[in-house]
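Enquirer: Quick one, final_29.cif (mmCIF, C-alpha atoms and all ligand atoms):
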data_start
loop_
_atom_site.label_atom_id
_atom_site.label_comp_id
_atom_site.auth_asym_id
_atom_site.auth_seq_id
_atom_site.Cartn_x
_atom_site.Cartn_y
_atom_site.Cartn_z
CA MET E 1 0.00 0.00 0.00
CA ILE E 2 1.05 3.60 -0.48
CA SER E 3 -0.14 6.43 1.72
CA SER E 4 -3.08 8.46 0.49
CA ASP E 5 -0.83 11.51 0.76
CA LEU E 6 1.61 10.00 -1.76
CA ALA E 7 -1.22 8.92 -4.07
CA ASN E 8 -2.71 12.41 -3.96
CA ARG E 9 0.63 14.02 -4.70
CA LEU E 10 1.19 11.81 -7.74
CA ASP E 11 -2.33 12.56 -8.96
CA ALA E 12 -1.76 16.28 -8.45
CA VAL E 13 1.38 16.31 -10.62
CA ILE E 14 -0.50 14.51 -13.41
CA ASP E 15 -3.45 16.88 -13.10
CA SER E 16 -1.10 19.84 -13.32
CA ARG E 17 0.30 18.42 -16.62
CA ARG E 18 -3.10 17.53 -18.00
CA VAL E 19 -3.14 20.20 -20.71
CA GLU E 20 0.34 19.28 -21.94
CA LEU E 21 -0.43 15.55 -21.89
CA HIS E 22 -3.61 16.14 -23.89
CA GLU E 23 -1.65 18.22 -26.34
CA LEU E 24 1.00 15.51 -26.69
CA ALA E 25 -1.65 12.85 -27.35
CA ARG E 26 -3.42 15.10 -29.88
CA SER E 27 -0.21 16.02 -31.69
CA ILE E 28 0.91 12.41 -32.07
CA HIS E 29 -2.59 11.45 -33.20
CA GLY E 30 -2.65 14.22 -35.79
CA SER E 31 0.67 13.25 -37.27
CA PRO E 32 0.78 9.45 -37.56
CA GLU E 33 4.21 7.90 -38.13
CA LEU E 34 4.95 4.26 -38.94
CA ALA E 35 7.31 1.80 -37.28
CA PHE E 36 10.84 3.13 -36.65
CA ALA E 37 9.95 6.45 -38.28
CA GLU E 38 8.35 8.05 -35.20
CA HIS E 39 10.63 11.08 -35.36
CA ARG E 40 8.12 13.78 -34.48
CA ALA E 41 6.41 11.75 -31.75
CA SER E 42 9.66 10.89 -30.00
CA ALA E 43 10.92 14.47 -30.35
CA TRP E 44 7.73 15.83 -28.71
CA ILE E 45 8.17 13.45 -25.78
CA VAL E 46 11.80 14.52 -25.36
CA GLU E 47 10.70 18.15 -25.49
CA LEU E 48 8.00 17.70 -22.85
CA CYS E 49 10.32 15.79 -20.51
CA SER E 50 13.07 18.36 -20.81
CA ARG E 51 10.59 21.19 -20.22
CA HIS E 52 10.08 19.58 -16.81
CA GLY E 53 13.76 19.13 -16.10
CA ARG E 54 14.08 15.52 -17.26
CA PRO E 55 16.86 15.12 -19.83
CA THR E 56 16.14 12.31 -22.25
CA GLU E 57 18.39 10.01 -24.26
CA ARG E 58 17.42 9.65 -27.90
CA PRO E 59 18.51 7.64 -29.87
CA PHE E 60 18.43 4.90 -27.26
CA GLY E 61 19.47 1.25 -27.48
CA GLY E 62 20.64 1.73 -31.05
CA LEU E 63 17.22 2.89 -32.27
CA ASP E 64 16.79 6.42 -33.63
CA THR E 65 13.24 6.81 -32.35
CA ALA E 66 13.61 5.01 -29.02
CA LEU E 67 14.20 7.10 -25.90
CA ALA E 68 14.88 6.88 -22.20
CA ALA E 69 14.34 9.44 -19.45
CA ARG E 70 15.45 8.60 -15.94
CA ALA E 71 14.75 9.67 -12.40
CA GLY E 72 16.13 8.49 -9.06
CA LYS E 73 19.69 7.54 -8.16
CA SER E 74 19.55 4.09 -6.64
CA GLY E 75 17.23 1.39 -5.38
CA PRO E 76 14.52 -0.65 -7.06
CA HIS E 77 13.85 0.21 -10.67
CA VAL E 78 10.50 0.45 -12.48
CA ALA E 79 10.16 1.09 -16.22
CA VAL E 80 7.11 2.77 -17.71
CA LEU E 81 6.79 2.11 -21.43
CA ALA E 82 5.53 4.41 -24.16
CA GLU E 83 4.50 3.32 -27.66
CA TYR E 84 3.81 5.89 -30.37
CA ASP E 85 3.77 4.19 -33.76
CA ALA E 86 0.73 4.29 -36.04
CA LEU E 87 -0.80 2.03 -38.68
CA PRO E 88 -0.71 2.45 -42.47
CA GLU E 89 -3.87 4.13 -43.83
CA ILE E 90 -5.80 4.12 -40.54
CA GLY E 91 -3.39 6.19 -38.43
CA HIS E 92 -3.71 5.95 -34.66
CA ALA E 93 -6.40 3.29 -34.77
CA CYS E 94 -4.57 1.44 -32.00
CA GLY E 95 -4.42 4.49 -29.71
CA HIS E 96 -0.66 4.45 -29.21
CA ASN E 97 -0.81 8.24 -28.92
CA LEU E 98 -2.64 7.70 -25.61
CA ILE E 99 -0.12 5.06 -24.51
CA ALA E 100 2.65 7.61 -25.04
CA ALA E 101 0.97 10.45 -23.17
CA GLY E 102 -0.11 8.17 -20.29
CA ALA E 103 3.43 6.87 -19.85
CA VAL E 104 4.90 10.37 -19.90
CA GLY E 105 2.32 11.50 -17.33
CA ALA E 106 3.14 8.62 -15.00
CA PHE E 107 6.86 9.23 -15.41
CA LEU E 108 6.68 12.98 -14.74
CA ALA E 109 4.75 12.28 -11.52
CA LEU E 110 7.11 9.52 -10.38
CA ALA E 111 10.16 11.64 -11.19
CA THR E 112 9.11 14.14 -8.51
CA VAL E 113 9.20 11.46 -5.78
CA ALA E 114 11.77 8.89 -6.96
CA ASP E 115 14.61 10.13 -4.72
CA GLU E 116 12.33 10.53 -1.74
CA LEU E 117 11.07 6.95 -2.23
CA GLY E 118 14.59 5.61 -2.71
CA GLY E 119 13.94 4.13 -6.11
CA ARG E 120 14.47 4.62 -9.83
CA VAL E 121 12.01 5.17 -12.63
CA THR E 122 12.71 5.10 -16.35
CA LEU E 123 10.42 6.19 -19.14
CA VAL E 124 11.28 3.95 -22.09
CA GLY E 125 10.02 5.01 -25.50
CA THR E 126 9.58 1.87 -27.57
CA PRO E 127 9.12 2.22 -31.34
CA ALA E 128 7.45 -0.11 -33.83
CA GLU E 129 5.00 -2.17 -31.81
CA GLU E 130 2.83 -2.65 -34.90
CA GLY E 131 5.56 -4.56 -36.70
CA GLY E 132 9.27 -4.56 -36.12
CA GLY E 133 9.24 -5.18 -32.39
CA GLY E 134 11.12 -2.23 -30.96
CA LYS E 135 10.91 -3.71 -27.47
CA ILE E 136 12.66 -6.89 -28.64
CA LYS E 137 15.51 -4.82 -30.03
CA LEU E 138 15.68 -2.84 -26.79
CA LEU E 139 15.71 -6.08 -24.78
CA GLU E 140 18.61 -7.29 -26.93
CA ALA E 141 20.39 -3.99 -26.35
CA GLY E 142 20.11 -4.55 -22.58
CA ALA E 143 17.62 -1.76 -21.94
CA PHE E 144 15.74 -3.81 -19.32
CA ARG E 145 18.75 -5.48 -17.71
CA ASP E 146 18.44 -3.90 -14.26
CA VAL E 147 14.68 -3.32 -14.31
CA ASP E 148 12.62 -4.90 -11.51
CA ALA E 149 9.21 -4.33 -13.09
CA ALA E 150 7.77 -2.88 -16.29
CA MET E 151 4.35 -1.52 -17.16
CA MET E 152 2.30 0.24 -19.81
CA PHE E 153 -1.39 0.58 -20.58
CA HIS E 154 -3.31 -0.01 -23.79
CA PRO E 155 -6.60 1.55 -24.95
CA PHE E 156 -9.54 -0.82 -25.49
CA ASP E 157 -13.33 -0.96 -25.25
CA ARG E 158 -13.37 -2.31 -21.66
CA ASP E 159 -11.19 -2.35 -18.55
CA LEU E 160 -9.10 -5.54 -18.24
CA VAL E 161 -5.95 -5.70 -16.14
CA ALA E 162 -4.56 -9.09 -17.18
CA HIS E 163 -6.00 -9.95 -20.59
CA PRO E 164 -3.87 -12.55 -22.39
CA THR E 165 -2.16 -11.84 -25.71
CA LEU E 166 -1.09 -14.24 -28.44
CA ALA E 167 2.38 -15.43 -29.34
CA THR E 168 2.96 -14.95 -33.04
CA TYR E 169 5.00 -16.02 -36.05
CA TRP E 170 5.25 -14.12 -39.33
CA LEU E 171 5.57 -16.11 -42.54
CA GLU E 172 6.21 -14.82 -46.02
CA MET E 173 5.87 -17.22 -48.95
CA THR E 174 7.29 -16.30 -52.32
CA PHE E 175 6.11 -18.46 -55.24
CA LYS E 176 8.04 -18.55 -58.49
CA GLY E 177 6.40 -19.98 -61.60
CA ARG E 178 6.81 -19.70 -65.39
CA PRO E 179 5.31 -16.76 -67.28
CA ALA E 180 3.47 -17.33 -70.52
CA HIS E 181 0.88 -15.50 -72.59
CA ALA E 182 -2.38 -16.16 -70.76
CA ALA E 183 -4.34 -16.59 -74.03
CA VAL E 184 -1.75 -17.65 -76.63
CA ALA E 185 0.04 -20.32 -74.60
CA PRO E 186 -1.35 -20.78 -71.08
CA HIS E 187 -0.28 -24.44 -71.23
CA ASP E 188 3.37 -23.30 -71.23
CA GLY E 189 2.99 -21.35 -68.00
CA ALA E 190 2.98 -22.26 -64.32
CA SER E 191 1.01 -19.83 -62.19
CA ALA E 192 2.60 -18.60 -59.00
CA LEU E 193 -0.71 -16.93 -58.15
CA THR E 194 -2.64 -20.20 -58.27
CA ALA E 195 -0.23 -21.72 -55.76
CA CYS E 196 -0.56 -18.64 -53.61
CA MET E 197 -4.36 -18.85 -53.58
CA ASP E 198 -4.29 -22.61 -53.03
CA THR E 199 -2.22 -22.02 -49.90
CA PHE E 200 -5.13 -20.06 -48.42
CA ARG E 201 -7.58 -22.83 -49.35
CA LEU E 202 -5.39 -25.55 -47.85
CA VAL E 203 -4.88 -23.56 -44.65
CA ASP E 204 -8.64 -23.10 -44.36
CA GLY E 205 -9.06 -26.85 -44.67
CA GLN E 206 -6.70 -27.41 -41.74
CA ARG E 207 -8.52 -25.06 -39.35
CA VAL E 208 -10.58 -27.95 -38.02
CA HIS E 209 -7.34 -29.23 -36.43
CA PHE E 210 -6.35 -25.99 -34.69
CA ARG E 211 -6.71 -25.68 -30.93
CA ASP E 212 -8.98 -22.99 -29.47
CA GLY E 213 -7.62 -19.48 -29.66
CA VAL E 214 -5.34 -20.10 -32.65
CA ARG E 215 -5.46 -17.38 -35.30
CA VAL E 216 -4.09 -17.76 -38.82
CA HIS E 217 -4.65 -14.89 -41.22
CA GLY E 218 -2.93 -13.68 -44.33
CA PHE E 219 -3.05 -11.49 -47.38
CA ILE E 220 -1.64 -11.55 -50.92
CA LYS E 221 1.10 -8.99 -51.24
CA ASP E 222 1.94 -9.60 -54.88
CA GLY E 223 -0.38 -11.36 -57.30
CA GLY E 224 1.27 -10.83 -60.67
CA GLU E 225 1.94 -8.04 -63.15
CA ALA E 226 -0.62 -8.05 -65.93
CA VAL E 227 -3.85 -9.77 -66.91
CA ASN E 228 -2.33 -11.32 -70.03
CA ILE E 229 0.64 -12.92 -68.30
CA ILE E 230 0.45 -16.13 -66.29
CA PRO E 231 1.84 -14.77 -63.01
CA GLU E 232 5.51 -15.64 -62.60
CA ARG E 233 5.74 -14.35 -59.06
CA ALA E 234 3.28 -14.20 -56.18
CA VAL E 235 3.86 -13.39 -52.53
CA CYS E 236 1.64 -13.85 -49.51
CA GLN E 237 2.11 -13.20 -45.84
CA PHE E 238 0.62 -15.06 -42.93
CA SER E 239 0.49 -14.36 -39.26
CA VAL E 240 0.12 -17.43 -37.05
CA ARG E 241 -0.90 -16.82 -33.45
CA SER E 242 -1.58 -18.87 -30.36
CA PHE E 243 -1.74 -18.51 -26.57
CA ASP E 244 0.88 -21.20 -26.35
CA LEU E 245 4.37 -21.44 -27.89
CA GLY E 246 4.08 -25.22 -28.47
CA GLU E 247 0.81 -24.94 -30.40
CA LEU E 248 2.29 -21.99 -32.28
CA GLU E 249 5.14 -24.20 -33.57
CA ARG E 250 2.73 -26.96 -34.56
CA VAL E 251 0.44 -24.64 -36.53
CA ARG E 252 3.35 -22.87 -38.18
CA ALA E 253 4.53 -26.24 -39.52
CA ILE E 254 1.02 -26.94 -40.89
CA VAL E 255 0.87 -23.58 -42.68
CA GLU E 256 4.31 -24.13 -44.23
CA ARG E 257 3.25 -27.59 -45.36
CA CYS E 258 0.19 -26.09 -47.07
CA ALA E 259 2.40 -23.68 -49.01
CA ARG E 260 4.69 -26.50 -50.16
CA ALA E 261 1.74 -28.66 -51.19
CA ALA E 262 0.22 -25.78 -53.14
CA ALA E 263 3.53 -25.15 -54.89
CA MET E 264 3.82 -28.80 -55.81
CA ALA E 265 0.31 -28.87 -57.26
CA SER E 266 1.09 -25.91 -59.53
CA ASP E 267 4.62 -27.02 -60.36
CA VAL E 268 6.13 -23.81 -59.04
CA GLU E 269 8.84 -23.12 -56.50
CA VAL E 270 8.23 -21.67 -53.08
CA SER E 271 10.57 -20.10 -50.58
CA ILE E 272 9.35 -19.50 -47.07
CA GLU E 273 10.75 -16.91 -44.74
CA SER E 274 9.60 -17.28 -41.18
CA ARG E 275 10.26 -14.92 -38.36
CA GLN E 276 9.47 -15.39 -34.70
CA GLY E 277 7.06 -12.60 -33.88
CA TYR E 278 6.01 -11.62 -30.39
CA ARG E 279 5.70 -13.81 -27.33
CA ASN E 280 2.46 -14.16 -25.43
CA MET E 281 1.96 -11.84 -22.46
CA ARG E 282 2.78 -13.29 -19.04
CA ASN E 283 0.65 -10.95 -16.98
CA ASN E 284 2.15 -10.49 -13.53
CA LEU E 285 -0.89 -10.98 -11.32
CA PRO E 286 0.45 -9.41 -8.09
CA MET E 287 1.18 -6.23 -10.06
CA ALA E 288 -2.08 -6.42 -12.03
CA GLU E 289 -4.08 -6.74 -8.83
CA ARG E 290 -2.45 -3.66 -7.35
CA PHE E 291 -3.07 -1.75 -10.58
CA ALA E 292 -6.73 -2.82 -10.39
CA ALA E 293 -6.96 -1.67 -6.76
CA HIS E 294 -5.59 1.78 -7.67
CA LEU E 295 -7.93 1.97 -10.63
CA GLU E 296 -10.81 1.12 -8.31
CA SER E 297 -9.87 3.90 -5.91
CA LEU E 298 -9.83 6.24 -8.92
CA GLY E 299 -13.41 5.25 -9.70
CA ARG E 300 -13.10 2.49 -12.32
CA SER E 301 -13.53 -1.18 -11.61
CA ALA E 302 -11.68 -3.65 -13.82
CA VAL E 303 -11.67 -7.41 -14.12
CA LEU E 304 -8.68 -9.56 -15.01
CA THR E 305 -9.88 -10.71 -18.43
CA ASP E 306 -13.00 -11.24 -20.55
CA PRO E 307 -13.39 -14.33 -22.74
CA ASP E 308 -16.03 -12.51 -24.80
CA VAL E 309 -13.45 -10.33 -26.49
CA GLY E 310 -10.52 -11.36 -28.66
CA THR E 311 -6.93 -10.34 -28.28
CA GLY E 312 -3.88 -9.51 -30.36
CA SER E 313 -0.14 -9.73 -29.98
CA THR E 314 2.34 -7.28 -28.52
CA ASP E 315 6.07 -7.06 -28.04
CA MET E 316 5.25 -6.30 -24.39
CA GLY E 317 4.92 -10.11 -24.28
CA ASP E 318 8.67 -10.35 -24.85
CA VAL E 319 9.28 -7.85 -22.05
CA SER E 320 7.07 -9.99 -19.78
CA TYR E 321 9.38 -12.96 -20.38
CA ALA E 322 12.33 -10.85 -19.17
CA VAL E 323 10.91 -8.96 -16.16
CA PRO E 324 7.66 -8.89 -14.17
CA ALA E 325 5.28 -6.86 -16.33
CA ILE E 326 1.69 -5.73 -16.83
CA HIS E 327 -0.19 -4.51 -19.88
CA PRO E 328 -3.64 -3.45 -18.61
CA TRP E 329 -6.32 -2.42 -21.12
CA LEU E 330 -8.55 0.59 -20.41
CA ALA E 331 -11.77 1.55 -22.16
CA ILE E 332 -11.76 4.66 -24.34
CA CYS E 333 -15.23 3.95 -25.75
CA ASP E 334 -18.34 1.90 -25.02
CA ARG E 335 -18.08 -1.87 -24.99
CA GLY E 336 -18.41 -3.09 -28.58
CA GLU E 337 -18.43 0.44 -30.00
CA ALA E 338 -15.01 -0.03 -31.58
CA LEU E 339 -11.89 -2.14 -31.21
CA CYS E 340 -8.23 -1.71 -32.11
CA HIS E 341 -7.42 -1.20 -35.81
CA GLN E 342 -10.87 0.14 -36.70
CA ARG E 343 -11.40 3.67 -37.99
CA ARG E 344 -13.88 4.43 -35.21
CA PHE E 345 -11.25 3.44 -32.65
CA ALA E 346 -8.91 6.07 -34.13
CA GLU E 347 -11.59 8.70 -33.44
CA CYS E 348 -11.98 7.43 -29.87
CA ALA E 349 -8.21 7.74 -29.38
CA VAL E 350 -8.50 11.53 -29.55
CA SER E 351 -11.91 11.95 -27.89
CA GLU E 352 -12.41 13.60 -24.49
CA ARG E 353 -13.22 10.17 -23.10
CA GLY E 354 -10.02 8.72 -24.54
CA LEU E 355 -7.96 11.57 -23.09
CA ASP E 356 -9.64 11.13 -19.68
CA SER E 357 -8.80 7.41 -19.70
CA MET E 358 -5.21 8.25 -20.55
CA ILE E 359 -4.98 10.56 -17.50
CA LEU E 360 -6.54 7.84 -15.35
CA ALA E 361 -4.06 5.28 -16.67
CA ALA E 362 -1.19 7.65 -15.88
CA LYS E 363 -2.40 7.94 -12.28
CA ALA E 364 -2.94 4.21 -11.80
CA MET E 365 0.50 3.43 -13.27
CA ALA E 366 2.20 6.10 -11.15
CA ARG E 367 0.58 4.73 -7.98
CA THR E 368 1.40 1.11 -8.87
CA ALA E 369 5.00 1.99 -9.70
CA ALA E 370 5.38 4.00 -6.49
CA GLU E 371 4.03 1.06 -4.54
CA LEU E 372 6.61 -1.22 -6.15
CA LEU E 373 9.34 1.20 -5.09
CA VAL E 374 8.27 1.45 -1.45
CA ASP E 375 6.90 -2.03 -0.78
CA PRO E 376 9.52 -4.82 -0.74
CA GLU E 377 6.77 -7.37 -0.13
CA LEU E 378 5.04 -6.44 -3.42
CA ARG E 379 8.37 -6.64 -5.26
CA ARG E 380 8.99 -10.07 -3.74
CA SER E 381 5.58 -11.42 -4.72
CA ALA E 382 5.89 -9.98 -8.23
CA LYS E 383 9.29 -11.64 -8.55
CA SER E 384 8.20 -15.02 -7.22
CA PHE E 385 5.13 -15.00 -9.51
CA PHE E 386 7.47 -14.20 -12.40
CA ASP E 387 9.89 -16.99 -11.43
CA ALA E 388 7.04 -19.50 -11.14
CA SER E 389 5.61 -18.59 -14.57
CA THR E 390 9.09 -18.79 -16.08
CA ALA E 391 9.61 -22.25 -14.57
CA GLY E 392 6.15 -23.33 -15.78
ZN ZN D 1 -1.61 -1.44 -30.01
#
Show me this structure written as structure tokens.
Ligand SMILES: [Zn+2]

Expert:
Amino acid sequence: MISSDLANRLDAVIDSRRVELHELARSIHGSPELAFAEHRASAWIVELCSRHGRPTERPFGGLDTALAARAGKSGPHVAVLAEYDALPEIGHACGHNLIAAGAVGAFLALATVADELGGRVTLVGTPAEEGGGGKIKLLEAGAFRDVDAAMMFHPFDRDLVAHPTLATYWLEMTFKGRPAHAAVAPHDGASALTACMDTFRLVDGQRVHFRDGVRVHGFIKDGGEAVNIIPERAVCQFSVRSFDLGELERVRAIVERCARAAAMASDVEVSIESRQGYRNMRNNLPMAERFAAHLESLGRSAVLTDPDVGTGSTDMGDVSYAVPAIHPWLAICDRGEALCHQRRFAECAVSERGLDSMILAAKAMARTAAELLVDPELRRSAKSFFDASTAG
């Protein structure tokens, strides 16, 4: 527990920065930048932190648009994570502008008390969550090496403090056939596009064998050059996702087999590039429960998870394999009104309600982080929960 005096002081700092945090969230929303190109967003965060006396490193961890701002000299260390990348075409339809502003708000509040509490807080700006996995690169660069706990929040249509996320693989299949005139001599050609489309059909046929919660979805990236040429080249991408790394491997092998079978049927070649995507989220329950308690005292009640709603994948999953971590989801709209990656969700990410939820998230994160700094018992239980889930 933290004293109500400390909680109130953290809240007061965030309230006093409300206008600037709103402005940060609006600016990032109005100027969407894709993975690893978040130059304006990261610069605005640096600018806001330095305006409040918090010098910020950028580039950080070898990434131009990653950043780190630190407070506190010694003691336990909590990282608050900011995302700020957008999606092609639909902009901030995942609400990462709110994630960024919420993290900055929590950090600015914690920075005012870190020394007094005898702990350390780092704001880590993590690029490219929507593809590219900035957090994985930062993990590899050692950015979380001496971190005791990490947290962020994510916008959603309901409040869930420990919703699972899916581990994922990315596959790209490139088919190479033989071009021929599609009317004069189709018999001389071998269609890469046919093999590509057959892959989708074969995968659909295998769905009956997938375990619950598995997701396999793809699109055709390249389907040929002209209507009168039997397509020589076709490329498709698949994402394979599962709650469980073992099932993920099994389904990945099935999808690859489908691509090879399709290539064989069309007498074309296929090359498959597969890349380990994100790990599933290991939600740290002792931390999630404290976050929920703080949220409750701020007037919002959350549950751990909700089987009625789906889930995605995040590179925060990889962070959760390295340190105790939480990734709570907070509503920025009515239940079912919109979900991530929909145009309506992008509107919600800049609405008054969205901005209010961001401020609330900042407060709940600041209180939870402060509690981790002052309460060795909470740190111990977070660590032993982490160790047990790692062993399991
Ligand atoms: Zn997202």

Enquirer: Please identify every polymer residue within 7 Å of ligand ZN 1 (chain D), using all atoms listed in the file, and present the set as a list in words.

Expert: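 Using all atoms listed in the file, I find these residues within 7 Å of ligand ZN 1 (chain D): Cys94, Gly95, His96, Glu129, Glu130, His154 and Cys340 of chain E.
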
Enquirer: May I ask which of the residues E:Gly312, E:Gly142, E:Pro76, E:Gly218 is the closest one to Tyr278 in chain E, counting only C-alpha atoms?

Expert: E:Gly312

Enquirer: Using only C-alpha atoms, collect all residues at a distance of at most 7 Å from (-5.7, 11.4, -25.8) as written in the file, then present them as a list in words.

Expert: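 Residues with an atom close enough to that point: His22, Ala25, Arg26, Asn97, Leu98, Ala349, Val350, Ser351, Gly354, Leu355 and Met358 of chain E.
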
Enquirer: Counting only C-alpha atoms, which residues of range 221-339 of chain E sit at most 9 Å from some atom of range 376-381 of chain E, and what is each one's closest atom pair with its distance in Å to one decimal, listed by chain and rising residue number, as a Markdown table?

Expert:
| residue | atom | partner | partner_atom | distance |
| --- | --- | --- | --- | --- |
| E:Pro286 | CA | E:Ser381 | CA | 6.5 |
| E:Met287 | CA | E:Leu378 | CA | 7.7 |
| E:Arg290 | CA | E:Leu378 | CA | 8.9 |

Enquirer: Please compute the CA of Glu20 in chain E-CA of Gly53 in chain E distance, one decimal, in Å.

Expert: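 CA of Gly53 in chain E lies 14.6 Å from CA of Glu20 in chain E.
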
Enquirer: Could you make a table, as JSON lines, of the residues of range 126-230 of chain E that have an atom within 10 Å of an atom of range 110-122 of chain E, each with its nearest atom pair and distance in Å to one decimal, counting all atoms listed in the file, in chain and number order?

Expert:
{"residue": "E:Phe144", "atom": "CA", "partner": "E:Thr122", "partner_atom": "CA", "distance": 9.9}
{"residue": "E:Val147", "atom": "CA", "partner": "E:Thr122", "partner_atom": "CA", "distance": 8.9}
{"residue": "E:Asp148", "atom": "CA", "partner": "E:Arg120", "partner_atom": "CA", "distance": 9.8}
{"residue": "E:Ala149", "atom": "CA", "partner": "E:Val121", "partner_atom": "CA", "distance": 9.9}
{"residue": "E:Ala150", "atom": "CA", "partner": "E:Thr122", "partner_atom": "CA", "distance": 9.4}

Enquirer: Hey, can you check how far CA of Val161 in chain E sits from CA of Ala288 in chain E?

Expert: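 Between these atoms lies a distance of 5.7 Å.
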
Enquirer: Do you have the CA of Cys236 in chain E-CA of Lys221 in chain E distance handy?

Expert: 5.2 Å

Enquirer: Taking 6 positions as the minimum chain separation for residues in the same chain, which residues sit within 12 Å of Ala322 in chain E when counting only C-alpha atoms? Answer as an NGL selection string.

Expert: :E and (135-136 or 138-140 or 142-150 or 279 or 281-284 or 315-316 or 383 or 386-387 or 389-390)

Enquirer: I'd like to know which of E:Val13, E:Leu372, E:Ala141, E:Ala167 is closest to Leu63 in chain E, using only C-alpha atoms.

Expert: E:Ala141

Enquirer: Counting only C-alpha atoms, what is within 10 Å of Phe60 in chain E, bar same-chain residues fewer than 3 positions away, as a list in words?

Expert: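 My reading of the contact set: Thr56, Glu57, Leu63, Asp64, Thr65, Ala66, Leu67, Ala68, Ala69, Val124, Gly125, Thr126, Leu138, Ala141 and Ala143 of chain E.
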